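Next comes structure27.cif, a file with mmCIF, C-alpha atoms.
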data_data
loop_
_atom_site.group_PDB
_atom_site.id
_atom_site.type_symbol
_atom_site.label_atom_id
_atom_site.label_comp_id
_atom_site.auth_asym_id
_atom_site.auth_seq_id
_atom_site.Cartn_x
_atom_site.Cartn_y
_atom_site.Cartn_z
ATOM 1 C CA MET M 1 123.924 23.015 93.708
ATOM 2 C CA SER M 2 124.248 23.800 90.025
ATOM 3 C CA HIS M 3 127.252 25.851 88.938
ATOM 4 C CA LEU M 4 124.833 27.611 86.580
ATOM 5 C CA LEU M 5 123.321 29.470 89.555
ATOM 6 C CA SER M 6 126.501 31.509 89.958
ATOM 7 C CA LYS M 7 126.541 32.592 86.304
ATOM 8 C CA ARG M 8 124.802 35.495 84.575
ATOM 9 C CA CYS M 9 123.199 35.542 81.160
ATOM 10 C CA THR M 10 125.294 37.471 78.642
ATOM 11 C CA PRO M 11 124.285 38.807 75.233
ATOM 12 C CA CYS M 12 124.889 36.503 72.280
ATOM 13 C CA PRO M 13 125.840 38.542 69.219
ATOM 14 C CA LYS M 14 124.236 37.631 65.892
ATOM 15 C CA GLY M 15 126.203 34.848 64.299
ATOM 16 C CA THR M 16 126.855 33.066 67.595
ATOM 17 C CA PRO M 17 126.169 29.375 66.962
ATOM 18 C CA ALA M 18 123.557 27.475 68.936
ATOM 19 C CA LEU M 19 124.844 24.869 71.381
ATOM 20 C CA SER M 20 125.797 21.499 70.000
ATOM 21 C CA GLU M 21 123.815 18.442 71.002
ATOM 22 C CA GLU M 22 126.771 17.396 73.165
ATOM 23 C CA ALA M 23 126.849 20.730 75.009
ATOM 24 C CA ARG M 24 123.065 20.621 75.496
ATOM 25 C CA ALA M 25 123.354 17.140 77.010
ATOM 26 C CA GLN M 26 126.071 18.282 79.400
ATOM 27 C CA LEU M 27 124.130 21.359 80.579
ATOM 28 C CA GLY M 28 120.935 19.304 80.705
ATOM 29 C CA LYS M 29 122.441 17.274 83.539
ATOM 30 C CA GLU M 30 122.102 20.389 85.707
ATOM 31 C CA THR M 31 118.537 21.069 84.572
ATOM 32 C CA PRO M 32 117.049 17.555 84.338
ATOM 33 C CA GLU M 33 113.400 18.645 84.596
ATOM 34 C CA TRP M 34 113.684 20.652 81.372
ATOM 35 C CA SER M 35 113.133 19.073 77.957
ATOM 36 C CA VAL M 36 114.573 20.126 74.636
ATOM 37 C CA VAL M 37 111.670 20.544 72.217
ATOM 38 C CA GLU M 38 111.886 21.009 68.483
ATOM 39 C CA GLY M 39 115.664 20.923 68.955
ATOM 40 C CA THR M 40 115.629 24.657 69.649
ATOM 41 C CA LYS M 41 113.760 25.334 72.913
ATOM 42 C CA LEU M 42 113.803 24.320 76.556
ATOM 43 C CA ARG M 43 110.433 23.613 78.164
ATOM 44 C CA ARG M 44 109.380 22.831 81.715
ATOM 45 C CA GLU M 45 106.097 22.497 83.552
ATOM 46 C CA TYR M 46 105.966 23.646 87.169
ATOM 47 C CA LYS M 47 103.150 22.573 89.516
ATOM 48 C CA PHE M 48 101.525 24.570 92.302
ATOM 49 C CA LYS M 49 99.050 24.022 95.119
ATOM 50 C CA THR M 50 96.638 26.674 93.815
ATOM 51 C CA TYR M 51 96.113 28.800 90.739
ATOM 52 C CA MET M 52 97.167 31.926 92.656
ATOM 53 C CA ASP M 53 100.377 30.218 93.832
ATOM 54 C CA GLY M 54 101.281 29.774 90.168
ATOM 55 C CA VAL M 55 100.462 33.394 89.416
ATOM 56 C CA ALA M 56 102.567 34.576 92.381
ATOM 57 C CA TRP M 57 105.508 32.408 91.283
ATOM 58 C CA VAL M 58 105.271 33.815 87.752
ATOM 59 C CA GLN M 59 105.889 37.259 89.265
ATOM 60 C CA LEU M 60 109.124 35.966 90.827
ATOM 61 C CA ALA M 61 110.092 34.166 87.619
ATOM 62 C CA GLY M 62 109.529 37.397 85.701
ATOM 63 C CA GLN M 63 111.826 39.291 88.050
ATOM 64 C CA ILE M 64 114.567 36.700 87.607
ATOM 65 C CA ALA M 65 114.156 36.760 83.830
ATOM 66 C CA ASP M 66 114.257 40.542 83.748
ATOM 67 C CA ASN M 67 117.366 40.641 85.970
ATOM 68 C CA GLU M 68 119.043 38.228 83.535
ATOM 69 C CA ASP M 69 117.659 40.108 80.492
ATOM 70 C CA HIS M 70 116.535 36.730 79.147
ATOM 71 C CA HIS M 71 112.783 36.376 78.868
ATOM 72 C CA PRO M 72 110.865 33.080 78.529
ATOM 73 C CA ASP M 73 107.412 32.511 77.124
ATOM 74 C CA ILE M 74 105.121 31.873 80.096
ATOM 75 C CA HIS M 75 101.837 29.953 79.972
ATOM 76 C CA ILE M 76 99.653 29.946 83.093
ATOM 77 C CA PHE M 77 97.140 27.146 83.585
ATOM 78 C CA PHE M 78 95.170 25.896 86.572
ATOM 79 C CA ARG M 79 97.812 24.955 89.199
ATOM 80 C CA ARG M 80 100.629 24.716 86.653
ATOM 81 C CA VAL M 81 102.891 27.014 84.707
ATOM 82 C CA VAL M 82 104.736 26.068 81.532
ATOM 83 C CA LEU M 83 107.842 27.969 80.465
ATOM 84 C CA GLU M 84 109.697 27.888 77.172
ATOM 85 C CA VAL M 85 113.037 29.560 76.641
ATOM 86 C CA TRP M 86 115.491 29.876 73.763
ATOM 87 C CA THR M 87 117.972 32.396 72.453
ATOM 88 C CA HIS M 88 116.546 34.242 69.473
ATOM 89 C CA THR M 89 119.873 35.552 68.180
ATOM 90 C CA VAL M 90 121.332 32.040 67.863
ATOM 91 C CA GLY M 91 118.116 30.484 66.572
ATOM 92 C CA GLY M 92 118.246 27.822 69.264
ATOM 93 C CA LEU M 93 119.766 27.156 72.646
ATOM 94 C CA SER M 94 122.643 28.926 74.356
ATOM 95 C CA GLU M 95 124.137 28.614 77.810
ATOM 96 C CA ASN M 96 121.868 31.515 78.821
ATOM 97 C CA ASP M 97 118.837 29.250 78.494
ATOM 98 C CA TYR M 98 120.304 26.751 80.937
ATOM 99 C CA ILE M 99 121.388 29.496 83.351
ATOM 100 C CA LEU M 100 117.846 30.852 83.448
ATOM 101 C CA ALA M 101 116.405 27.334 83.768
ATOM 102 C CA ALA M 102 118.619 26.587 86.788
ATOM 103 C CA LYS M 103 117.657 29.861 88.486
ATOM 104 C CA LEU M 104 113.957 29.250 87.896
ATOM 105 C CA ASP M 105 114.251 25.701 89.249
ATOM 106 C CA HIS M 106 116.007 26.993 92.359
ATOM 107 C CA THR M 107 113.241 29.543 92.959
ATOM 108 C CA HIS M 108 110.528 26.933 92.485
ATOM 109 C CA GLN M 109 112.176 24.546 94.971
ATOM 110 C CA SER M 110 111.980 27.146 97.732
ATOM 111 C CA PHE M 111 108.572 28.573 96.813
ATOM 112 C CA PRO M 112 105.960 27.794 99.523
ATOM 113 C CA GLY M 113 103.145 27.141 97.041
ATOM 114 C CA ALA M 114 105.136 24.760 94.878
ATOM 115 C CA LYS M 115 104.030 21.178 94.484
#

Translate this file's structure into structure tokens.
Amino acid sequence: MSHLLSKRCTPCPKGTPALSEEARAQLGKETPEWSVVEGTKLRREYKFKTYMDGVAWVQLAGQIADNEDHHPDIHIFFRRVVLEVWTHTVGGLSENDYILAAKLDHTHQSFPGAK
């Protein structure tokens, strides 16, 4: 189990630097299904048995994101959901992005409609 699951997202004050490539690689080991895109965002596609399974999972993902006060962009397609997350105040990736990614992965693994 990822140690990120036991952490909470914390505010990053303006001026906080984005994670280094080295730090991103280290945290990426705990969230291997996520890709760094444009050097500033994490992205993952989740698959579901039905369209409505994806919609139902998005509701859970939204609750997790709101509890962490760290909100991804969510794109719903037929039987798949794509999420993108980054930390606006750092202009890139922070540990918060990886914490949220790990929590979303954990929820997807136990979701009955997940593929």

Residues matched by the PyMOL selection byres ((chain M and resi 13) around 12), written as a ChimeraX atom specification: /M:10-12,14-18,87-91,94

Restricting it to C-alpha atoms, dump the selection as a PDB file, keeping the file's coordinate frame.
ATOM      1  CA  THR M  10     125.294  37.471  78.642  1.00  0.00           C
ATOM      2  CA  PRO M  11     124.285  38.807  75.233  1.00  0.00           C
ATOM      3  CA  CYS M  12     124.889  36.503  72.280  1.00  0.00           C
ATOM      4  CA  LYS M  14     124.236  37.631  65.892  1.00  0.00           C
ATOM      5  CA  GLY M  15     126.203  34.848  64.299  1.00  0.00           C
ATOM      6  CA  THR M  16     126.855  33.066  67.595  1.00  0.00           C
ATOM      7  CA  PRO M  17     126.169  29.375  66.962  1.00  0.00           C
ATOM      8  CA  ALA M  18     123.557  27.475  68.936  1.00  0.00           C
ATOM      9  CA  THR M  87     117.972  32.396  72.453  1.00  0.00           C
ATOM     10  CA  HIS M  88     116.546  34.242  69.473  1.00  0.00           C
ATOM     11  CA  THR M  89     119.873  35.552  68.180  1.00  0.00           C
ATOM     12  CA  VAL M  90     121.332  32.040  67.863  1.00  0.00           C
ATOM     13  CA  GLY M  91     118.116  30.484  66.572  1.00  0.00           C
ATOM     14  CA  SER M  94     122.643  28.926  74.356  1.00  0.00           C
TER      15      SER M  94
END

Atom CA of M:His106 to atom CA of M:Arg43, straight-line distance in Å: 15.6 Å

How close does each residue of stretch 64-83 of chain M get to stretch 95-102 of chain M, giving the shortest atom pair and distance in Å to one decimal for every residue with an atom at most 9 Å away, counting all atoms listed in the file, sorted by chain and residue number, as a tab-separated table?
residue	atom	partner	partner_atom	distance
M:Ile64	CA	M:Leu100	CA	7.9
M:Ala65	CA	M:Leu100	CA	7.0
M:Glu68	CA	M:Leu100	CA	7.5
M:His70	CA	M:Leu100	CA	7.4
M:His71	CA	M:Leu100	CA	8.8
M:Pro72	CA	M:Leu100	CA	8.8

Distance query M:Glu45 at most 8 Å, only C-alpha atoms, self and fewer than 2 positions along chain excluded, as an MDAnalysis selection string: chainID M and resid 43 47 80:83

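Atom pair atom CA of M:Asp105 / atom CA of M:Tyr46 has a distance of 8.8 Å (rounded to one decimal).
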
For M:Leu104, the nearest of the candidates M:Ala61, M:Ile74, M:Cys9, M:Val85, counting only C-alpha atoms: M:Ala61

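Residue nearest M:Gly62, chosen from M:Trp86, M:Thr40, M:Arg24, M:Lys103 and counting all atoms listed in the file: M:Lys103.
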
Test item: the PyMOL selection byres ((chain M and resi 111) around 10) resolved as a PyMOL selection string: chain M and resi 48+53-54+56-57+60+105-110+112-115

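When atom CA of M:Met52 is paired with atom CA of M:Val36, their separation reads 27.7 Å.
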
Among the residues M:Tyr51, M:Leu42, M:Val37, M:Lys7, the one that comes closest to M:Asp73 [using all atoms listed in the file]: M:Leu42

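Distances from M:Lys49, M:Lys29, M:Lys41, M:His75 to M:Leu93 were compared using all atoms listed in the file, and the smallest one belongs to M:Lys41.
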
Pick from M:Thr50, M:Thr31, M:Gln26, M:Gln63 nearest to M:Leu5, counting only C-alpha atoms: M:Thr31
